[in-house]
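**Q** Could you have a look at this structure, given as structure tokens, before my questions?
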Amino acid sequence: MNILETQGLYHDFSGLKVLFDVNLQVEAGERHAIIGPNGAGKTTLFNLITGTYKPSRGKIVFKEKDITGEGPWKILRQGMGRSFQITSTFDRMTAFQNIRLAVLSTRGIRFNLFRKVDSMPDITEEAEEILRRINLDSDRDTLAGNLSYGKHRSLEISMALATNPDLVMLDEPTAGMSKDETHYAVELIRRLTEGKTTVVIEHDMDVVFSLADRITVLHHGTILATGEPCDVRDNQAVKDAYLGEMGGEEDVCY
Amino acid sequence: MMNKTVKWILWIAGFVFLILYPKLFGIYYSNVFVTFAIFALYATSYNLLLGYTGLLSFGHAMFFGTGAYGTALALTHISGFPLIPALLAGVLAAIVLALILCPIMVRVGGTAFAMLHLAFGSLLYVLTLKLRHITGGEDGIGGFDIPPFSIPGIVSFDMTDPLQFFYFAMAVLVGSIWVLWFFTKTPFGQIMIAVRDNAKRVDYLGFRVPQTKAVIYVFSGAFCGVAGSVYALFQNLITAEDGYHVMTSFAPIMMTMVGGIGSFFGPIFGSAIFGILEELTTRYTERVELVFGLVLVLVIMFAPMGFVGTVKIIKAKWFTRQGV
């Protein structure tokens, strides 16, 4: 069953065609990677799916419901979480407060004006539990803006996951990370997205091949190929687009 | 850090101080204190927008003036109108104004938000001057009867007695500030701070940003209305100059900046600083604004986090030196 489907998706920014006829299909339970050269339209596709922009044409179906043109808050409430390529946390709030907001959202606590948030033990507990899982409990009271880059990225990713979504959209989770940090982040993602459907944009081919069950290649705004990692790798069109250098460990496919 | 007992002792000390204040300092300084408390509430409710949500408004006097005029008009035109409904009439007027404006205001930010408020504020100022038969024009509305605060059959306090009015004003103003403080501590208060930091991410966490801003906006307007209403009762007079003039809009901005923008209690300290400054300056000269402006410039240049921020920095320094 497809949890997410885009049907004939088109988008242009005042005449500049960014996406045309994109038919993406994400099966429930899989880790799906979207790859493609710079400017292929990956982030735009993400922005359309998560509600930042309205597509010029086409339909987005999530859990068999048409969500085309709905706002981010509405899409999130239906069970789709998202992280950003450029870290987007609440920098003047602590790591704990960042996560707690996500927990509040999950519990549907939005216009509560009659209780102090500090005296909601179950909320505090859940937020602390999430911090422990991402090894940020020692930085509980550090302002998000003062966290080290790797930790800040972890916070970014886990905020998308803390709302307990059915589908997680990760936009370049390892962007700008060192080799060690990348390795750590991949392990973290693998652990946290266990049993969840995940769509991830990624440039690092090692990461793609170690994480993804299926890959979609986006090139010049349209889907070039989609399928299992090894099939995509051997696809001639993909080789041409990447000038034959797709990277990844050779022995993965044999 | 501060434990519960210390907190309670501080609360009780503050309470006792408020009760004894008129006895200690006399009626003149009690009135100075009421003015300070009115502006403390006004600046604190303004700080919900500026400090907590990150919205700079150049026309918040709208709500202050509307609250004041609401109460004054109700007391002028309805004979025998009781005190608390008169207060609520002012607050309701401010809420209605906020409700009318909020569909536009929550969808703009930054400069547009500031300038739209300046525009609407100036509009109300001019209207108040021109609609002479309703608002009394430049002279304003004054001399209305201040009804006693009474619970029928139990007690009745004469509000024209400065001492009894002092206690009434304190109860209303301190109570309101406490409600605002509680507001910032609720889950909703967390969302409010998050909107200031990163509105886009708030949207992506499933909260509706315009609606959130609207609630804050109406809340802030309502408590500005309380401040304005108490002001009208206190002065027994409200004029366009006091209610809607652009200087009234800038007062809470200056108080928040000087008192400390990143803190709940900053505007209260700011109001105290300006209250004391005004008291001292008027002994020598009429040019109070000159001194205010100078202080504001100096604070922005040398202590951008205001009074509370500077105290925090000094405290941190002192404690590290102790540690070594």
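If you're wondering about the labels, chains in the structure tokens are A, B, ... by order shown, residues count from 1 in each chain, ligands from 1 in order shown.
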Using only C-alpha atoms, find each residue of chain A with at least one atom at most 6 Å away from an atom of chain B; report its shortest atom-to-atom pair and that distance in Å (one decimal), sort the rows by chain and rising residue number, and return the result as JSON lines.
**A**
{"residue": "A:Pro72", "atom": "CA", "partner": "B:Tyr204", "partner_atom": "CA", "distance": 5.4}
{"residue": "A:Trp73", "atom": "CA", "partner": "B:Gly206", "partner_atom": "CA", "distance": 3.8}
{"residue": "A:Leu76", "atom": "CA", "partner": "B:Gly206", "partner_atom": "CA", "distance": 5.4}
{"residue": "A:Arg77", "atom": "CA", "partner": "B:Gly206", "partner_atom": "CA", "distance": 5.7}
{"residue": "A:Phe90", "atom": "CA", "partner": "B:Asp197", "partner_atom": "CA", "distance": 5.2}
{"residue": "A:Phe111", "atom": "CA", "partner": "B:Phe188", "partner_atom": "CA", "distance": 5.6}
{"residue": "A:Asn112", "atom": "CA", "partner": "B:Phe188", "partner_atom": "CA", "distance": 5.8}
{"residue": "A:Leu113", "atom": "CA", "partner": "B:Thr186", "partner_atom": "CA", "distance": 5.5}
{"residue": "A:Arg115", "atom": "CA", "partner": "B:Thr186", "partner_atom": "CA", "distance": 5.6}
{"residue": "A:Lys116", "atom": "CA", "partner": "B:Thr186", "partner_atom": "CA", "distance": 4.4}
{"residue": "A:Val117", "atom": "CA", "partner": "B:Thr186", "partner_atom": "CA", "distance": 4.9}
**Q** Could those residues be written to a file, using C-alpha atoms, as a tab-separated table (two decimals), in the first residue's frame?
**A**
chain	number	residue	atom	x	y	z
A	72	PRO	CA	1.83	22.61	7.13
A	73	TRP	CA	0.03	22.52	10.50
A	76	LEU	CA	1.39	17.53	10.38
A	77	ARG	CA	-1.73	16.76	12.38
A	90	PHE	CA	13.81	27.48	18.50
A	111	PHE	CA	-4.70	26.64	23.80
A	112	ASN	CA	-4.28	25.51	27.37
A	113	LEU	CA	-4.17	28.61	29.57
A	115	ARG	CA	-2.10	25.01	33.89
A	116	LYS	CA	1.57	25.68	34.21
A	117	VAL	CA	3.51	23.73	31.66
**Q** Segment 176-247 of chain A near segment 4-18 of chain A within 9 Å: what's each residue's closest atom pair and its distance in Å to one decimal, counting only C-alpha atoms, ordered by chain then ascending residue number, as a tab-separated table?
**A**
residue	atom	partner	partner_atom	distance
A:His220	CA	A:Val18	CA	7.5
A:Gly221	CA	A:Val18	CA	5.4
A:Thr222	CA	A:Val18	CA	8.7
**Q** Just C-alpha atoms for this one: save the residues we selected as an mmCIF file, in the first residue's frame.
**A**
data_model
loop_
_atom_site.group_PDB
_atom_site.id
_atom_site.type_symbol
_atom_site.label_atom_id
_atom_site.label_comp_id
_atom_site.auth_asym_id
_atom_site.auth_seq_id
_atom_site.Cartn_x
_atom_site.Cartn_y
_atom_site.Cartn_z
ATOM 1 C CA HIS A 220 15.781 18.442 -14.009
ATOM 2 C CA GLY A 221 12.483 18.381 -12.167
ATOM 3 C CA THR A 222 11.274 14.970 -13.152
#
**Q** Smallest atom-to-atom distance to Gly121 of chain B: which of B:Thr44, B:Ser220, B:Thr285, B:Ser57, using only C-alpha atoms?
**A**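 Comparing B:Thr44, B:Ser220, B:Thr285, B:Ser57 against Gly121 of chain B, the winner is B:Ser57.
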**Q** Could you pull the residues within 12 Å of Ala185 of chain A, counting only C-alpha atoms, minus those fewer than 5 positions along the same chain, as a PyMOL selection string?
**A** chain A and resi 134-135+149-158+170+172-180+190-193+207+211
**Q** For the selection you just gave me, I'd like the residues written to a file as a PDB file, in the first residue's frame, keeping C-alpha atoms.
**A**
ATOM      1  CA  ILE A 134      19.052  11.016  21.287  1.00  0.00           C
ATOM      2  CA  ASN A 135      21.771  11.366  23.959  1.00  0.00           C
ATOM      3  CA  TYR A 149      26.496  21.499  15.173  1.00  0.00           C
ATOM      4  CA  GLY A 150      26.054  17.759  15.376  1.00  0.00           C
ATOM      5  CA  LYS A 151      23.837  17.976  18.446  1.00  0.00           C
ATOM      6  CA  HIS A 152      21.844  20.778  16.902  1.00  0.00           C
ATOM      7  CA  ARG A 153      21.187  18.574  13.860  1.00  0.00           C
ATOM      8  CA  SER A 154      20.138  15.696  16.123  1.00  0.00           C
ATOM      9  CA  LEU A 155      17.672  18.016  17.798  1.00  0.00           C
ATOM     10  CA  GLU A 156      16.362  19.101  14.405  1.00  0.00           C
ATOM     11  CA  ILE A 157      15.788  15.514  13.308  1.00  0.00           C
ATOM     12  CA  SER A 158      14.262  14.407  16.576  1.00  0.00           C
ATOM     13  CA  LEU A 170      14.018  14.275   6.379  1.00  0.00           C
ATOM     14  CA  GLU A 172      19.330  16.241   4.083  1.00  0.00           C
ATOM     15  CA  PRO A 173      19.668  15.160   7.693  1.00  0.00           C
ATOM     16  CA  THR A 174      23.464  14.915   7.437  1.00  0.00           C
ATOM     17  CA  ALA A 175      23.999  18.256   5.677  1.00  0.00           C
ATOM     18  CA  GLY A 176      27.294  19.821   6.695  1.00  0.00           C
ATOM     19  CA  MET A 177      28.274  17.047   9.090  1.00  0.00           C
ATOM     20  CA  SER A 178      31.751  15.606   9.489  1.00  0.00           C
ATOM     21  CA  LYS A 179      32.372  11.942   8.696  1.00  0.00           C
ATOM     22  CA  ASP A 180      31.989  10.893  12.335  1.00  0.00           C
ATOM     23  CA  ARG A 190      18.057   4.119  11.643  1.00  0.00           C
ATOM     24  CA  ARG A 191      17.209   3.606  15.302  1.00  0.00           C
ATOM     25  CA  LEU A 192      14.528   6.303  15.541  1.00  0.00           C
ATOM     26  CA  THR A 193      12.736   5.546  12.291  1.00  0.00           C
ATOM     27  CA  VAL A 207      24.262   7.104   3.564  1.00  0.00           C
ATOM     28  CA  LEU A 211      19.627   3.452   4.720  1.00  0.00           C
TER      29      LEU A 211
END
**Q** Which residues come within 12 Å of Ser138 of chain A, counting only C-alpha atoms, excluding same-chain residues fewer than 6 positions away, as a list in words?
**A**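 Selected residues are Thr94, Ala95, Phe96, Glu128, Leu131, Arg132, Leu147 and Lys151 of chain A.
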**Q** What parts of segment 44-169 of chain B does DSSP call strand (DSSP E or B)? I'd like the answer as a PyMOL selection string.
**A** chain B and resi 141-142+149-151+155-157
**Q** Using only C-alpha atoms, which of the listed residues (A:Thr89, A:Asn98, A:Thr197, A:Gln25) sits closest to Gly227 of chain A?
**A** A:Gln25
**Q** Please provide the set of residues having any atom within 6 Å of segment 35-40 of chain B, restricted to only C-alpha atoms, with same-chain residues fewer than 6 positions apart removed, written as a list in words.
**A**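 Surrounding residues, per the criterion: Ala227, Ile268, Ser271 and Gly275 of chain B.
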**Q** Per DSSP on the backbone, filter segment 120-243 of chain B down to the residues in alpha helix (DSSP H) and report them as a VMD selection string.
**A** chain B and resid 120 to 130 132 to 135 162 to 185 187 to 197 199 to 204 209 to 235 240 to 243
**Q** Pick out the closest residue to Ser229 of chain B from this set: B:Tyr69, B:Trp318, B:Phe165, B:Phe33. Count only C-alpha atoms.
**A**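 Checking each of B:Tyr69, B:Trp318, B:Phe165, B:Phe33 against Ser229 of chain B, counting only C-alpha atoms, the winner is B:Tyr69.
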**Q** Skip Val288 of chain B itself and residues of its chain fewer than 6 positions away, then list as a ChimeraX atom specification all residues within 8 Å of it, counting only C-alpha atoms.
**A** /B:278,281-282
**Q** Got time to write the residues from that selection, N, CA and C atoms, as a PDB file, in the first residue's frame?
**A**
ATOM      1  N   GLU B 278      10.944  60.695  36.324  1.00  0.00           N
ATOM      2  CA  GLU B 278      10.003  61.796  36.119  1.00  0.00           C
ATOM      3  C   GLU B 278       9.858  62.617  37.404  1.00  0.00           C
ATOM      4  N   THR B 281      13.038  64.641  37.783  1.00  0.00           N
ATOM      5  CA  THR B 281      13.255  65.656  36.753  1.00  0.00           C
ATOM      6  C   THR B 281      12.327  66.854  36.932  1.00  0.00           C
ATOM      7  N   THR B 282      11.053  66.548  37.243  1.00  0.00           N
ATOM      8  CA  THR B 282      10.075  67.653  37.303  1.00  0.00           C
ATOM      9  C   THR B 282      10.404  68.628  38.430  1.00  0.00           C
TER      10      THR B 282
END
**Q** Applying 9 Å and only C-alpha atoms, which residues near Val26 of chain A remain after dropping the ones on its own chain fewer than 6 positions away? List them as a list of chain:residue names.
**A**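 The residues satisfying every condition are A:Met1, A:Asn2, A:Ile3, A:Leu4, A:Glu5, A:His32, A:Thr197, A:Thr198, A:Val199, A:Arg214.
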**Q** How about saving the chosen residues, N, CA and C atoms kept, as a compact mmCIF listing (two decimals), in the first residue's frame?
**A**
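Okay, result-v4.txt is ready:
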# COMPACT_ATOMS: atom_id res chain seq x y z
N MET A 1 0.84 -1.20 0.00
CA MET A 1 0.00 0.00 0.00
C MET A 1 0.88 1.25 0.00
N ASN A 2 0.50 2.23 -0.79
CA ASN A 2 1.25 3.48 -0.79
C ASN A 2 0.72 4.42 0.29
N ILE A 3 1.64 4.86 1.14
CA ILE A 3 1.21 5.81 2.16
C ILE A 3 1.19 7.22 1.59
N LEU A 4 2.09 7.46 0.63
CA LEU A 4 2.17 8.79 0.00
C LEU A 4 2.27 8.64 -1.50
N GLU A 5 1.55 9.46 -2.20
CA GLU A 5 1.56 9.40 -3.65
C GLU A 5 1.43 10.81 -4.20
N HIS A 32 12.65 5.48 2.01
CA HIS A 32 12.72 5.87 0.62
C HIS A 32 13.66 7.07 0.49
N THR A 197 7.58 4.89 8.20
CA THR A 197 7.90 5.21 6.81
C THR A 197 8.76 6.47 6.80
N THR A 198 9.83 6.42 6.05
CA THR A 198 10.74 7.56 6.04
C THR A 198 11.07 7.94 4.60
N VAL A 199 11.00 9.23 4.31
CA VAL A 199 11.48 9.73 3.03
C VAL A 199 12.65 10.64 3.34
N ARG A 214 14.35 1.81 -1.02
CA ARG A 214 14.12 2.18 -2.42
C ARG A 214 14.64 3.58 -2.68
**Q** Using only C-alpha atoms, find the one residue out of A:Ile130, A:Ala160, A:Ala33, A:Leu167 that sits nearest to Gln78 of chain A.
**A**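 That would be A:Leu167, the residue with the smallest distance to Gln78 of chain A.
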**Q** Take atom CA of Pro162 of chain B and atom CA of Tyr21 of chain B and report the distance between them in Å, one decimal.
**A**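 Between atom CA of Pro162 of chain B and atom CA of Tyr21 of chain B the gap works out to 12.7 Å.
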**Q** Could you check which of A:Ile34, A:Ile86, A:Val200, A:Leu19 is closest to Ala225 of chain A, using only C-alpha atoms?
**A**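 Among the listed residues, A:Ile34 lies closest to Ala225 of chain A.
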**Q** In terms of the shortest atom-to-atom distance over only C-alpha atoms, which of B:Ala303, B:Val308, B:Ala222, B:Leu97 is closest to Leu180 of chain B?
**A**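 Among the listed residues, B:Ala222 lies closest to Leu180 of chain B.
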